[in-house]
file query24.txt (compact mmCIF, C-alpha atoms)
# COMPACT_ATOMS: atom_id res chain seq x y z
CA MET A 130 87.03 118.87 101.66
CA HIS A 131 89.97 119.54 103.91
CA GLU A 132 87.77 117.80 106.51
CA TRP A 133 88.43 114.54 104.67
CA ALA A 134 92.18 114.82 105.29
CA LEU A 135 91.58 115.37 109.01
CA ALA A 136 89.11 112.47 109.17
CA GLU A 137 91.73 110.22 107.58
CA ALA A 138 94.19 111.34 110.24
CA VAL A 139 91.72 110.44 113.01
CA ILE A 140 91.17 106.93 111.64
CA ARG A 141 94.88 106.36 111.06
CA ALA A 142 95.74 107.59 114.55
CA VAL A 143 93.26 105.23 116.22
CA GLN A 144 94.43 102.35 114.04
CA GLU A 145 98.05 102.96 114.98
CA LYS A 146 97.23 103.49 118.62
CA THR A 147 95.31 100.25 118.96
CA GLU A 148 96.59 96.75 118.40
CA LYS A 149 95.14 94.90 115.43
CA ASP A 150 92.85 92.72 117.52
CA VAL A 151 91.79 95.72 119.58
CA TRP A 152 91.01 97.78 116.47
CA ARG A 153 88.35 95.26 115.49
CA ARG A 154 86.67 95.86 118.83
CA VAL A 155 86.41 99.64 118.46
CA LYS A 156 82.80 100.57 118.99
CA SER A 157 82.91 104.33 119.07
CA ILE A 158 85.41 107.13 118.78
CA TYR A 159 84.92 110.51 120.46
CA VAL A 160 86.48 113.38 118.58
CA GLU A 161 86.88 116.93 119.79
CA VAL A 162 87.03 119.68 117.21
CA GLY A 163 88.38 123.11 118.09
CA GLU A 164 86.01 125.99 117.48
CA LEU A 165 88.73 128.17 115.96
CA GLN A 166 89.19 125.99 112.89
CA GLN A 167 85.44 126.03 112.10
CA ILE A 168 85.41 122.54 110.72
CA ASP A 169 82.20 121.72 108.85
CA LEU A 170 80.84 119.13 111.26
CA ASP A 171 78.51 117.42 108.76
CA THR A 172 81.27 117.03 106.18
CA PHE A 173 83.75 115.89 108.83
CA THR A 174 81.32 113.36 110.36
CA ASP A 175 80.36 112.08 106.89
CA ALA A 176 84.04 111.60 106.07
CA LEU A 177 84.64 109.78 109.38
CA ASN A 178 81.65 107.51 108.71
CA THR A 179 82.69 106.79 105.13
CA ILE A 180 86.29 105.95 106.01
CA GLY A 181 85.44 104.31 109.35
CA ASN A 182 82.67 102.11 107.99
CA SER A 183 84.91 100.73 105.29
CA ILE A 184 86.83 99.18 108.18
CA GLY A 185 84.18 98.35 110.73
CA ASP A 186 80.96 99.39 112.38
CA ILE A 187 82.17 102.39 114.31
CA LYS A 188 80.15 105.23 115.77
CA PHE A 189 81.73 108.67 115.77
CA VAL A 190 80.81 111.30 118.31
CA VAL A 191 82.06 114.74 117.32
CA ARG A 192 81.97 117.64 119.76
CA VAL A 193 83.11 121.23 119.46
CA LYS A 194 85.55 122.64 121.99
CA ARG A 195 85.13 126.37 122.57
CA ALA A 196 88.19 128.45 121.79
CA LYS A 197 89.91 130.45 124.52
CA PHE A 198 92.67 132.95 124.08
CA LYS A 199 94.95 134.68 126.57
CA CYS A 200 97.27 137.57 125.89
CA ARG A 201 100.87 137.03 126.98
CA ARG A 202 101.42 140.77 127.18
CA CYS A 203 98.47 142.08 129.19
CA GLY A 204 96.84 138.86 130.47
CA TYR A 205 93.44 139.56 128.92
CA SER A 206 91.38 136.44 128.13
CA TRP A 207 88.75 136.20 125.43
CA SER A 208 86.56 133.81 123.44
CA MET A 209 85.57 133.47 119.79
CA LYS A 210 82.76 136.00 120.33
CA GLU A 211 85.42 138.69 120.31
CA VAL A 212 87.19 137.30 117.24
CA ASP A 213 85.56 139.09 114.36
CA LEU A 214 87.03 137.85 111.09
CA ASP A 215 85.78 138.42 107.58
CA GLU A 216 84.91 135.43 105.48
CA GLU A 217 88.19 135.26 103.59
CA ILE A 218 90.24 135.23 106.80
CA GLN A 219 87.93 132.62 108.35
CA GLU A 220 88.67 130.38 105.38
CA ILE A 221 92.42 130.84 105.91
CA VAL A 222 92.15 130.08 109.65
CA HIS A 223 90.12 127.01 108.73
CA PHE A 224 93.17 125.57 106.97
CA VAL A 225 95.90 126.96 109.22
CA PRO A 226 94.56 128.14 112.60
CA GLU A 227 97.86 129.84 113.47
CA ALA A 228 97.26 132.23 110.57
CA LEU A 229 95.07 134.03 113.12
CA TYR A 230 98.26 135.67 114.42
CA SER A 231 98.59 137.42 111.07
CA PHE A 232 95.13 138.90 111.16
CA PHE A 233 93.96 139.29 114.75
CA LYS A 234 95.37 141.18 117.73
CA CYS A 235 94.55 141.11 121.46
CA PRO A 236 91.27 143.06 121.82
CA GLU A 237 92.63 144.75 124.93
CA CYS A 238 96.22 145.78 124.19
CA GLY A 239 96.64 145.09 120.46
CA SER A 240 99.46 142.56 120.85
CA ARG A 241 99.84 139.57 118.56
CA ASP A 242 101.66 137.71 121.32
CA TYR A 243 98.81 135.66 122.74
CA ASN A 244 98.17 132.01 123.49
CA LEU A 245 95.48 129.84 122.05
CA MET A 246 94.58 128.09 125.30
CA GLU A 247 91.87 125.74 124.03
CA GLY A 248 89.82 125.01 120.98
CA ARG A 249 92.48 124.44 118.37
CA GLY A 250 92.57 121.54 115.94
CA VAL A 251 91.18 118.04 116.08
CA TRP A 252 91.70 115.63 118.96
CA VAL A 253 90.83 112.00 119.49
CA LYS A 254 89.39 112.09 122.98
CA LYS A 255 88.04 108.67 123.76
CA ILE A 256 87.98 105.22 122.20
CA VAL A 257 85.21 102.88 123.37
CA LEU A 258 85.78 99.16 122.85
CA LYS A 259 83.35 96.27 122.69
CA LYS A 260 84.21 93.73 125.31
CA MET B 206 73.72 91.75 123.65
CA GLY B 207 75.27 91.38 127.03
CA GLU B 208 78.39 93.18 125.83
CA GLU B 209 80.27 95.37 128.20
CA ASN B 210 82.18 98.30 126.88
CA SER B 211 85.56 99.49 127.95
CA SER B 212 86.75 102.92 127.10
CA GLU B 213 90.05 104.66 127.09
CA GLU B 214 90.18 108.39 127.78
CA ILE B 215 92.98 109.85 125.73
CA MET B 216 93.88 113.15 124.20
CA MET B 217 95.54 112.26 120.94
CA ASP B 218 96.54 114.67 118.21
CA PRO B 219 95.82 112.63 115.08
CA ARG B 220 97.84 114.72 112.64
CA ALA B 221 101.22 113.13 113.34
CA TYR B 222 99.84 109.70 112.44
CA ILE B 223 98.92 110.58 108.86
CA ILE B 224 102.22 112.19 107.82
CA GLU B 225 103.79 108.89 106.78
CA GLU B 226 100.81 108.24 104.52
CA ARG B 227 100.96 111.74 103.02
CA LEU B 228 104.64 111.26 102.14
CA ARG B 229 104.34 107.66 100.98
CA GLY B 230 104.72 108.57 97.30
CA VAL B 231 107.79 110.75 97.88
CA ARG B 232 111.06 108.92 97.25
CA ARG B 233 113.50 111.37 98.82
CA ILE B 234 112.96 114.22 101.24
CA ILE B 235 115.78 116.68 101.66
CA ALA B 236 116.00 119.56 104.12
CA VAL B 237 118.17 122.44 103.03
CA ALA B 238 119.49 123.70 106.33
CA GLY B 239 122.13 125.87 107.93
CA GLY B 240 123.29 127.10 111.29
CA LYS B 241 122.89 130.80 110.56
CA GLY B 242 120.53 132.98 108.59
CA GLY B 243 121.75 134.67 105.42
CA VAL B 244 123.88 131.85 104.04
CA GLY B 245 121.58 131.26 101.06
CA LYS B 246 119.47 128.30 102.16
CA SER B 247 116.28 129.50 100.52
CA LEU B 248 118.05 130.44 97.31
CA ILE B 249 119.75 127.05 97.16
CA ALA B 250 116.56 125.15 98.10
CA SER B 251 114.59 126.92 95.36
CA SER B 252 117.34 126.50 92.76
CA LEU B 253 118.05 122.89 93.74
CA ALA B 254 114.37 122.03 93.30
CA LEU B 255 114.31 123.61 89.84
CA ILE B 256 117.57 121.96 88.79
CA LEU B 257 116.25 118.55 89.85
CA LYS B 258 113.01 119.24 87.98
CA ASP B 259 115.02 120.22 84.88
CA THR B 260 116.81 116.86 84.99
CA GLY B 261 113.43 115.18 84.65
CA MET B 262 112.81 114.41 88.32
CA ARG B 263 109.33 114.88 89.75
CA THR B 264 110.04 117.54 92.32
CA GLY B 265 108.29 119.45 95.09
CA LEU B 266 109.42 122.45 97.11
CA PHE B 267 107.98 123.19 100.55
CA ASP B 268 108.82 126.46 102.31
CA LEU B 269 108.88 125.69 106.03
CA ASP B 270 110.23 129.06 107.06
CA PHE B 271 106.81 130.26 108.22
CA THR B 272 107.87 133.48 109.90
CA SER B 273 110.27 134.62 107.16
CA PRO B 274 109.29 132.82 103.96
CA SER B 275 111.28 133.87 100.92
CA THR B 276 111.19 131.14 98.27
CA HIS B 277 108.15 132.81 96.65
CA LEU B 278 110.18 136.01 96.31
CA ILE B 279 113.18 134.17 94.87
CA LEU B 280 111.03 132.33 92.33
CA GLY B 281 108.65 135.20 91.57
CA VAL B 282 105.56 133.18 92.48
CA ARG B 283 102.33 135.15 92.16
CA ASP B 284 98.63 134.36 92.14
CA LEU B 285 98.93 130.67 92.94
CA ALA B 286 96.85 128.70 95.42
CA PRO B 287 96.61 125.07 96.46
CA LYS B 288 93.65 123.08 95.24
CA GLU B 289 91.28 121.73 97.86
CA GLU B 290 90.64 118.05 97.27
CA LYS B 291 90.45 115.80 100.32
CA GLY B 292 93.20 118.02 101.70
CA LEU B 293 95.42 120.43 99.82
CA ILE B 294 97.14 119.76 96.52
CA PRO B 295 100.11 122.05 95.95
CA PRO B 296 99.91 124.00 92.72
CA ASP B 297 102.34 123.54 89.87
CA PHE B 298 105.03 126.16 89.45
CA LEU B 299 107.34 125.78 86.43
CA GLY B 300 106.78 122.04 86.48
CA MET B 301 107.28 121.43 90.18
CA LYS B 302 104.83 121.24 93.08
CA TYR B 303 105.22 124.24 95.30
CA MET B 304 103.82 124.80 98.78
CA THR B 305 104.14 127.83 101.02
CA LEU B 306 102.18 129.42 103.83
CA VAL B 307 102.26 132.61 101.75
CA TYR B 308 99.27 131.20 99.82
CA PHE B 309 97.29 131.82 102.98
CA ILE B 310 98.81 134.83 104.70
CA GLY B 311 100.37 136.72 101.80
CA ASP B 312 103.05 139.06 103.05
CA SER B 313 101.37 139.69 106.43
CA PRO B 314 103.66 139.11 109.41
CA LEU B 315 103.08 135.82 111.22
CA PRO B 316 104.63 135.88 114.69
CA LEU B 317 104.92 132.31 115.99
CA ARG B 318 106.29 130.81 119.16
CA GLY B 319 107.59 127.26 119.21
CA GLU B 320 104.26 125.54 119.77
CA GLY B 321 102.72 127.54 116.94
CA ILE B 322 105.52 126.52 114.59
CA SER B 323 105.03 122.85 115.49
CA ASN B 324 101.30 123.17 114.93
CA VAL B 325 101.70 124.67 111.47
CA ILE B 326 104.23 121.99 110.52
CA LEU B 327 101.88 119.22 111.66
CA GLU B 328 98.84 120.80 110.05
CA LEU B 329 100.44 121.33 106.65
CA PHE B 330 102.14 117.93 106.51
CA ALA B 331 98.86 116.28 107.58
CA ILE B 332 96.69 117.89 104.92
CA THR B 333 99.05 118.38 101.96
CA ARG B 334 98.87 115.69 99.30
CA TRP B 335 102.14 115.58 97.37
CA GLY B 336 101.33 112.52 95.30
CA GLU B 337 104.26 110.83 93.54
CA LEU B 338 107.56 112.70 93.71
CA ASP B 339 111.22 111.80 93.26
CA PHE B 340 112.32 114.71 95.44
CA LEU B 341 110.69 116.92 98.02
CA ILE B 342 112.95 119.80 98.99
CA LEU B 343 112.27 121.52 102.31
CA ASP B 344 113.49 125.04 102.93
CA ILE B 345 113.85 125.31 106.69
CA PRO B 346 114.78 128.17 109.02
CA PRO B 347 118.32 128.29 110.41
CA GLY B 348 119.55 126.57 113.53
CA ILE B 349 118.56 123.69 115.73
CA SER B 350 115.24 124.96 116.97
CA ASP B 351 111.61 123.89 116.47
CA THR B 352 111.43 123.29 112.72
CA THR B 353 114.67 121.30 112.58
CA LEU B 354 113.66 119.16 115.55
CA ASP B 355 110.11 118.65 114.26
CA ILE B 356 111.07 117.46 110.80
CA ILE B 357 113.59 115.07 112.33
CA LYS B 358 110.81 113.81 114.62
CA TYR B 359 108.05 113.45 112.06
CA ILE B 360 110.01 112.52 108.92
CA PRO B 361 112.44 109.73 109.81
CA GLN B 362 113.63 109.40 106.19
CA ILE B 363 114.71 113.07 106.04
CA ARG B 364 118.22 113.85 104.84
CA PHE B 365 120.00 117.14 105.36
CA LEU B 366 121.94 119.25 102.91
CA ILE B 367 123.79 121.81 104.98
CA ILE B 368 124.68 125.23 103.64
CA THR B 369 127.35 127.48 105.11
CA THR B 370 129.56 130.35 104.10
CA GLY B 371 133.25 130.55 104.90
CA SER B 372 132.55 132.93 107.79
CA ILE B 373 133.52 131.66 111.20
CA LEU B 374 130.00 132.61 112.37
CA ALA B 375 128.30 130.38 109.82
CA LEU B 376 130.83 127.55 110.22
CA THR B 377 130.60 127.44 114.00
CA THR B 378 126.82 127.18 113.93
CA ALA B 379 126.85 124.73 111.00
CA LYS B 380 129.03 122.43 113.09
CA LYS B 381 126.40 122.40 115.85
CA LEU B 382 123.70 121.55 113.33
CA ILE B 383 125.89 118.76 111.94
CA GLU B 384 126.24 117.24 115.41
CA ILE B 385 122.48 117.18 115.85
CA VAL B 386 121.80 115.82 112.38
CA ARG B 387 124.49 113.15 112.75
CA ASP B 388 123.03 111.95 116.02
CA GLU B 389 119.41 112.00 114.96
CA THR B 390 119.21 111.37 111.22
CA SER B 391 121.34 111.44 108.08
CA MET B 392 123.22 113.98 106.04
CA ILE B 393 124.05 114.33 102.37
CA GLY B 394 126.88 116.76 102.91
CA ILE B 395 127.82 120.38 103.22
CA LEU B 396 127.95 123.03 100.56
CA GLU B 397 129.81 126.34 100.76
CA ASN B 398 127.93 129.32 99.40
CA MET B 399 129.15 132.85 98.63
CA ARG B 400 132.82 131.88 98.58
CA ARG B 401 134.92 135.04 98.40
CA GLU B 402 138.43 133.76 98.90
CA SER B 403 140.23 131.50 96.51
CA ARG B 404 140.86 128.99 99.26
CA GLY B 405 137.62 127.47 100.37
CA ILE B 406 136.72 125.61 103.51
CA GLU B 407 137.02 122.12 102.09
CA ARG B 408 139.86 121.00 104.31
CA ARG B 409 138.14 122.14 107.48
CA ILE B 410 134.84 120.51 106.53
CA LYS B 411 136.60 117.24 105.72
CA SER B 412 138.37 117.34 109.09
CA TRP B 413 134.90 117.13 110.63
CA GLY B 414 134.35 113.88 108.75
CA VAL B 415 131.62 115.39 106.61
CA ASP B 416 131.21 115.12 102.83
CA PHE B 417 132.08 118.41 101.15
CA LEU B 418 130.00 118.88 98.02
CA GLY B 419 131.65 122.02 96.69
CA SER B 420 131.80 125.79 96.70
CA ILE B 421 129.63 128.35 94.98
CA PRO B 422 131.49 131.64 94.42
CA PHE B 423 129.90 134.89 95.56
CA ASP B 424 127.83 136.24 92.69
CA LYS B 425 126.67 139.85 92.87
CA ASP B 426 124.22 139.26 90.00
CA VAL B 427 122.03 137.01 92.14
CA GLU B 428 120.33 139.92 93.91
CA ASN B 429 119.12 141.40 90.62
CA SER B 430 117.79 138.02 89.49
CA LEU B 431 115.53 137.52 92.50
CA GLY B 432 111.94 137.03 91.37
CA ASN B 433 112.97 136.09 87.84
CA VAL B 434 113.89 132.46 87.28
CA GLN B 435 115.09 133.10 83.72
CA LEU B 436 117.64 135.64 85.01
CA LEU B 437 118.57 133.38 87.92
CA LYS B 438 119.38 130.57 85.52
CA LYS B 439 121.92 132.81 83.76
CA THR B 440 123.92 133.57 86.92
CA GLU B 441 127.29 132.08 87.84
CA PHE B 442 125.59 130.97 91.07
CA TRP B 443 123.17 128.79 89.11
CA LYS B 444 125.89 127.33 86.91
CA ALA B 445 128.02 126.41 89.93
CA LEU B 446 125.10 124.85 91.79
CA ASN B 447 123.99 123.00 88.67
CA ARG B 448 127.46 121.49 88.34
CA ILE B 449 127.57 120.47 92.01
CA VAL B 450 124.10 118.90 91.82
CA LYS B 451 125.00 116.83 88.77
CA GLU B 452 128.56 115.88 89.72
CA LYS B 453 128.26 115.45 93.48
CA PHE B 454 124.76 115.71 94.93
CA LEU B 455 123.05 113.12 92.71
CA ASN B 456 125.82 110.60 93.41
CA ARG B 457 125.18 110.80 97.12
CA ILE B 458 121.48 110.17 97.28
call {"tool": "encode", "arguments": {"input": "query24.txt", "output": "structure tokens"}}
result
Amino acid sequence: MHEWALAEAVIRAVQEKTEKDVWRRVKSIYVEVGELQQIDLDTFTDALNTIGNSIGDIKFVVRVKRAKFKCRRCGYSWSMKEVDLDEEIQEIVHFVPEALYSFFKCPECGSRDYNLMEGRGVWVKKIVLKK
Amino acid sequence: MGEENSSEEIMMDPRAYIIEERLRGVRRIIAVAGGKGGVGKSLIASSLALILKDTGMRTGLFDLDFTSPSTHLILGVRDLAPKEEKGLIPPDFLGMKYMTLVYFIGDSPLPLRGEGISNVILELFAITRWGELDFLILDIPPGISDTTLDIIKYIPQIRFLIITTGSILALTTAKKLIEIVRDETSMIGILENMRRESRGIERRIKSWGVDFLGSIPFDKDVENSLGNVQLLKKTEFWKALNRIVKEKFLNRI
């Protein structure tokens, strides 16, 4: 239920970002979820709906952003298809995505010095307001 | 019905916005910091947390030195894990709440650049539920780099306890840290660790206009006590720190 904590963060962020009168006009919130963290989308969306609907009638649209990695040493780029983690490590990366650096090396040169270009964490992407 | 919608395209990281809420029940947050590595920050952070807990305070300890964590080694923490409940609840260790990245990565190396460090800080502060605490002690890496700047940014109520030795190397870098902390947030004072000479650094510290909390003499028995809190509590180091906490530290917070 770590998804709940992230859902709370989304709601709080939108509340703080919007003025009080604007907050009441929020119709939908678009959220982007990084593939790396492997958030359980049903649990996350349920949590958003539960917390969000206690405040207003808000629709949440949750989309997954594919993860992209690029090695700083050799320049090789790769996607999650090449990130083969056992279940225990996946669980760790779920909580702390940067833990990947402990367990996964560049598939090309073996360096741990690579960038996570896209697909990390949770982002609020768009807020749609009722006129 | 005839409503038109307006939308705002943004790219907002929500984690920073929930930190205040996560720390709402924590009365005082103290970073144990220093300009240089090896001055005893982690040892003092761990011991300070336990001393505060022993005085009846509800205390938490958070190891923010992600690339070189050591509080778990100092305290001898084994086989603990946070509980997952709408986030993470730090487990109890000897009566205090204790959080470290070691729960996740064990003793595997975790190489992190600045952005990675900031991400881990944000992630863990956003999902960790500390509940009600009198003190949350943060063990942070040395210097005025990412972790120091991030906790100043995200935790406005943070106060710094600065650790140095009498070495010119530690003092020079501590002074830089003091300048940053003074400008950006607030400081409890400075504490000298591993004092070897009879004359300490009190006069010099006071000339900087900083509160000097006291000196802890060098204690060769500390090394053999690492990993065993019962042994640690019998050291001269512990006794000196205990005295400073009760006579000086608690009066300044």
call {"tool": "atom_distance", "arguments": {"input": "query24.txt", "atom1": "CA of Trp152 (chain A)", "atom2": "CA of Asp355 (chain B)"}}
result
28.4 Å
call {"tool": "residues_around", "arguments": {"input": "query24.txt", "residues": "region 159-169 of chain A", "least_positions_apart": "4", "cutoff": "9 Å", "atoms": "all atoms listed in the file", "output": "PyMOL selection string"}}
result
chain A and resi 131-132+139+173-174+188-197+209+219-220+222-226+247-257
call {"tool": "atom_distance", "arguments": {"input": "query24.txt", "atom1": "CA of Cys235 (chain A)", "atom2": "CA of Arg318 (chain B)"}}
result
15.8 Å
call {"tool": "residues_near_point", "arguments": {"input": "query24.txt", "point": "(112.0, 125.7, 118.9)", "cutoff": "6 Å", "atoms": "all atoms listed in the file", "output": "MDAnalysis selection string"}}
result
chainID B and resid 319 350:351
call {"tool": "closest_residue", "arguments": {"input": "query24.txt", "among": "B:Val427, B:Leu446, B:Leu338, B:Ile223", "to": "chain A", "atoms": "all atoms listed in the file"}}
result
B:Ile223
call {"tool": "closest_atom_pairs", "arguments": {"input": "query24.txt", "of": "region 414-457 of chain B", "to": "region 276-285 of chain B", "cutoff": "7 Å", "atoms": "only C-alpha atoms", "output": "JSON lines"}}
result
{"residue": "B:Leu431", "atom": "CA", "partner": "B:Ile279", "partner_atom": "CA", "distance": 4.7}
{"residue": "B:Gly432", "atom": "CA", "partner": "B:Gly281", "partner_atom": "CA", "distance": 3.8}
{"residue": "B:Asn433", "atom": "CA", "partner": "B:Gly281", "partner_atom": "CA", "distance": 5.8}
{"residue": "B:Val434", "atom": "CA", "partner": "B:Leu280", "partner_atom": "CA", "distance": 5.8}
call {"tool": "interface_residues", "arguments": {"input": "query24.txt", "of": "chain B", "to": "chain A", "cutoff": "8 Å", "atoms": "all atoms listed in the file", "output": "mmCIF file with C-alpha atoms, in the frame of the given file"}}
result
data_model
loop_
_atom_site.group_PDB
_atom_site.id
_atom_site.type_symbol
_atom_site.label_atom_id
_atom_site.label_comp_id
_atom_site.auth_asym_id
_atom_site.auth_seq_id
_atom_site.Cartn_x
_atom_site.Cartn_y
_atom_site.Cartn_z
ATOM 1 C CA GLU B 208 78.390 93.180 125.830
ATOM 2 C CA GLU B 209 80.270 95.370 128.200
ATOM 3 C CA ASN B 210 82.180 98.300 126.880
ATOM 4 C CA SER B 211 85.560 99.490 127.950
ATOM 5 C CA SER B 212 86.750 102.920 127.100
ATOM 6 C CA GLU B 213 90.050 104.660 127.090
ATOM 7 C CA GLU B 214 90.180 108.390 127.780
ATOM 8 C CA ILE B 215 92.980 109.850 125.730
ATOM 9 C CA MET B 216 93.880 113.150 124.200
ATOM 10 C CA MET B 217 95.540 112.260 120.940
ATOM 11 C CA ASP B 218 96.540 114.670 118.210
ATOM 12 C CA PRO B 219 95.820 112.630 115.080
ATOM 13 C CA ARG B 220 97.840 114.720 112.640
ATOM 14 C CA ALA B 221 101.220 113.130 113.340
ATOM 15 C CA TYR B 222 99.840 109.700 112.440
ATOM 16 C CA ILE B 223 98.920 110.580 108.860
ATOM 17 C CA GLU B 289 91.280 121.730 97.860
ATOM 18 C CA GLU B 290 90.640 118.050 97.270
ATOM 19 C CA LYS B 291 90.450 115.800 100.320
ATOM 20 C CA GLY B 292 93.200 118.020 101.700
ATOM 21 C CA LEU B 293 95.420 120.430 99.820
ATOM 22 C CA PHE B 309 97.290 131.820 102.980
ATOM 23 C CA ILE B 310 98.810 134.830 104.700
ATOM 24 C CA SER B 313 101.370 139.690 106.430
ATOM 25 C CA PRO B 314 103.660 139.110 109.410
ATOM 26 C CA LEU B 315 103.080 135.820 111.220
ATOM 27 C CA PRO B 316 104.630 135.880 114.690
ATOM 28 C CA LEU B 317 104.920 132.310 115.990
ATOM 29 C CA GLY B 321 102.720 127.540 116.940
ATOM 30 C CA ASN B 324 101.300 123.170 114.930
ATOM 31 C CA VAL B 325 101.700 124.670 111.470
ATOM 32 C CA GLU B 328 98.840 120.800 110.050
ATOM 33 C CA LEU B 329 100.440 121.330 106.650
ATOM 34 C CA ALA B 331 98.860 116.280 107.580
ATOM 35 C CA ILE B 332 96.690 117.890 104.920
#
call {"tool": "atom_distance", "arguments": {"input": "query24.txt", "atom1": "CA of Val307 (chain B)", "atom2": "CA of Leu266 (chain B)"}}
result
13.3 Å
call {"tool": "residues_around", "arguments": {"input": "query24.txt", "residues": "Ala445 (chain B)", "least_positions_apart": "2", "cutoff": "12 Å", "atoms": "all atoms listed in the file", "output": "ChimeraX atom specification"}}
result
/B:249,252-253,256,396-400,418-424,437-443,447-453
call {"tool": "residues_around", "arguments": {"input": "query24.txt", "residues": "Gly239 (chain B)", "least_positions_apart": "4", "cutoff": "7 Å", "atoms": "only C-alpha atoms", "output": "MDAnalysis selection string"}}
result
chainID B and resid 246 347:348 367:369 379
call {"tool": "residues_around", "arguments": {"input": "query24.txt", "residues": "Tyr205 (chain A)", "least_positions_apart": "3", "cutoff": "8 Å", "atoms": "only C-alpha atoms", "output": "mmCIF file with C-alpha atoms, in the frame of the given file"}}
result
data_model
loop_
_atom_site.group_PDB
_atom_site.id
_atom_site.type_symbol
_atom_site.label_atom_id
_atom_site.label_comp_id
_atom_site.auth_asym_id
_atom_site.auth_seq_id
_atom_site.Cartn_x
_atom_site.Cartn_y
_atom_site.Cartn_z
ATOM 1 C CA LYS A 199 94.950 134.680 126.570
ATOM 2 C CA CYS A 200 97.270 137.570 125.890
ATOM 3 C CA CYS A 235 94.550 141.110 121.460
ATOM 4 C CA GLU A 237 92.630 144.750 124.930
#
call {"tool": "residues_near_point", "arguments": {"input": "query24.txt", "point": "(112.7, 122.8, 107.8)", "cutoff": "8 Å", "atoms": "only C-alpha atoms", "output": "PyMOL selection string"}}
result
chain B and resi 236-238+268-270+343-346+352-353+356
call {"tool": "write_last_selection", "arguments": {"input": "query24.txt", "atoms": "C-alpha atoms", "output": "PDB file, in the frame of the given file"}}
result
ATOM      1  CA  ALA B 236     116.000 119.560 104.120  1.00  0.00           C
ATOM      2  CA  VAL B 237     118.170 122.440 103.030  1.00  0.00           C
ATOM      3  CA  ALA B 238     119.490 123.700 106.330  1.00  0.00           C
ATOM      4  CA  ASP B 268     108.820 126.460 102.310  1.00  0.00           C
ATOM      5  CA  LEU B 269     108.880 125.690 106.030  1.00  0.00           C
ATOM      6  CA  ASP B 270     110.230 129.060 107.060  1.00  0.00           C
ATOM      7  CA  LEU B 343     112.270 121.520 102.310  1.00  0.00           C
ATOM      8  CA  ASP B 344     113.490 125.040 102.930  1.00  0.00           C
ATOM      9  CA  ILE B 345     113.850 125.310 106.690  1.00  0.00           C
ATOM     10  CA  PRO B 346     114.780 128.170 109.020  1.00  0.00           C
ATOM     11  CA  THR B 352     111.430 123.290 112.720  1.00  0.00           C
ATOM     12  CA  THR B 353     114.670 121.300 112.580  1.00  0.00           C
ATOM     13  CA  ILE B 356     111.070 117.460 110.800  1.00  0.00           C
TER      14      ILE B 356
END
call {"tool": "decode", "arguments": {"input": "query24.txt", "residues": "region 271-279 of chain B", "atoms": "N, CA, C and O atoms", "output": "PDB file, in the first residue's frame"}}
result
ATOM      1  N   PHE B 271      23.201   7.807   2.039  1.00  0.00           N
ATOM      2  CA  PHE B 271      22.763   6.660   1.236  1.00  0.00           C
ATOM      3  C   PHE B 271      23.921   5.886   0.617  1.00  0.00           C
ATOM      4  O   PHE B 271      23.825   4.689   0.421  1.00  0.00           O
ATOM      5  N   THR B 272      24.999   6.597   0.284  1.00  0.00           N
ATOM      6  CA  THR B 272      26.088   5.885  -0.388  1.00  0.00           C
ATOM      7  C   THR B 272      27.054   5.244   0.616  1.00  0.00           C
ATOM      8  O   THR B 272      27.741   4.300   0.268  1.00  0.00           O
ATOM      9  N   SER B 273      27.109   5.772   1.818  1.00  0.00           N
ATOM     10  CA  SER B 273      27.987   5.184   2.842  1.00  0.00           C
ATOM     11  C   SER B 273      27.268   5.095   4.187  1.00  0.00           C
ATOM     12  O   SER B 273      27.727   5.670   5.179  1.00  0.00           O
ATOM     13  N   PRO B 274      26.150   4.392   4.241  1.00  0.00           N
ATOM     14  CA  PRO B 274      25.426   4.329   5.515  1.00  0.00           C
ATOM     15  C   PRO B 274      26.228   3.562   6.560  1.00  0.00           C
ATOM     16  O   PRO B 274      26.917   2.598   6.221  1.00  0.00           O
ATOM     17  N   SER B 275      26.148   4.029   7.804  1.00  0.00           N
ATOM     18  CA  SER B 275      26.912   3.313   8.835  1.00  0.00           C
ATOM     19  C   SER B 275      26.191   3.227  10.172  1.00  0.00           C
ATOM     20  O   SER B 275      26.664   2.528  11.065  1.00  0.00           O
ATOM     21  N   THR B 276      25.057   3.905  10.330  1.00  0.00           N
ATOM     22  CA  THR B 276      24.398   3.850  11.645  1.00  0.00           C
ATOM     23  C   THR B 276      23.970   2.419  11.987  1.00  0.00           C
ATOM     24  O   THR B 276      23.983   2.032  13.154  1.00  0.00           O
ATOM     25  N   HIS B 277      23.608   1.624  10.974  1.00  0.00           N
ATOM     26  CA  HIS B 277      23.203   0.236  11.258  1.00  0.00           C
ATOM     27  C   HIS B 277      24.384  -0.580  11.788  1.00  0.00           C
ATOM     28  O   HIS B 277      24.195  -1.499  12.587  1.00  0.00           O
ATOM     29  N   LEU B 278      25.593  -0.223  11.343  1.00  0.00           N
ATOM     30  CA  LEU B 278      26.783  -0.932  11.832  1.00  0.00           C
ATOM     31  C   LEU B 278      27.107  -0.498  13.261  1.00  0.00           C
ATOM     32  O   LEU B 278      27.482  -1.308  14.103  1.00  0.00           O
ATOM     33  N   ILE B 279      26.958   0.794  13.509  1.00  0.00           N
ATOM     34  CA  ILE B 279      27.233   1.326  14.853  1.00  0.00           C
ATOM     35  C   ILE B 279      26.272   0.707  15.871  1.00  0.00           C
ATOM     36  O   ILE B 279      26.658   0.306  16.963  1.00  0.00           O
TER      37      ILE B 279
END
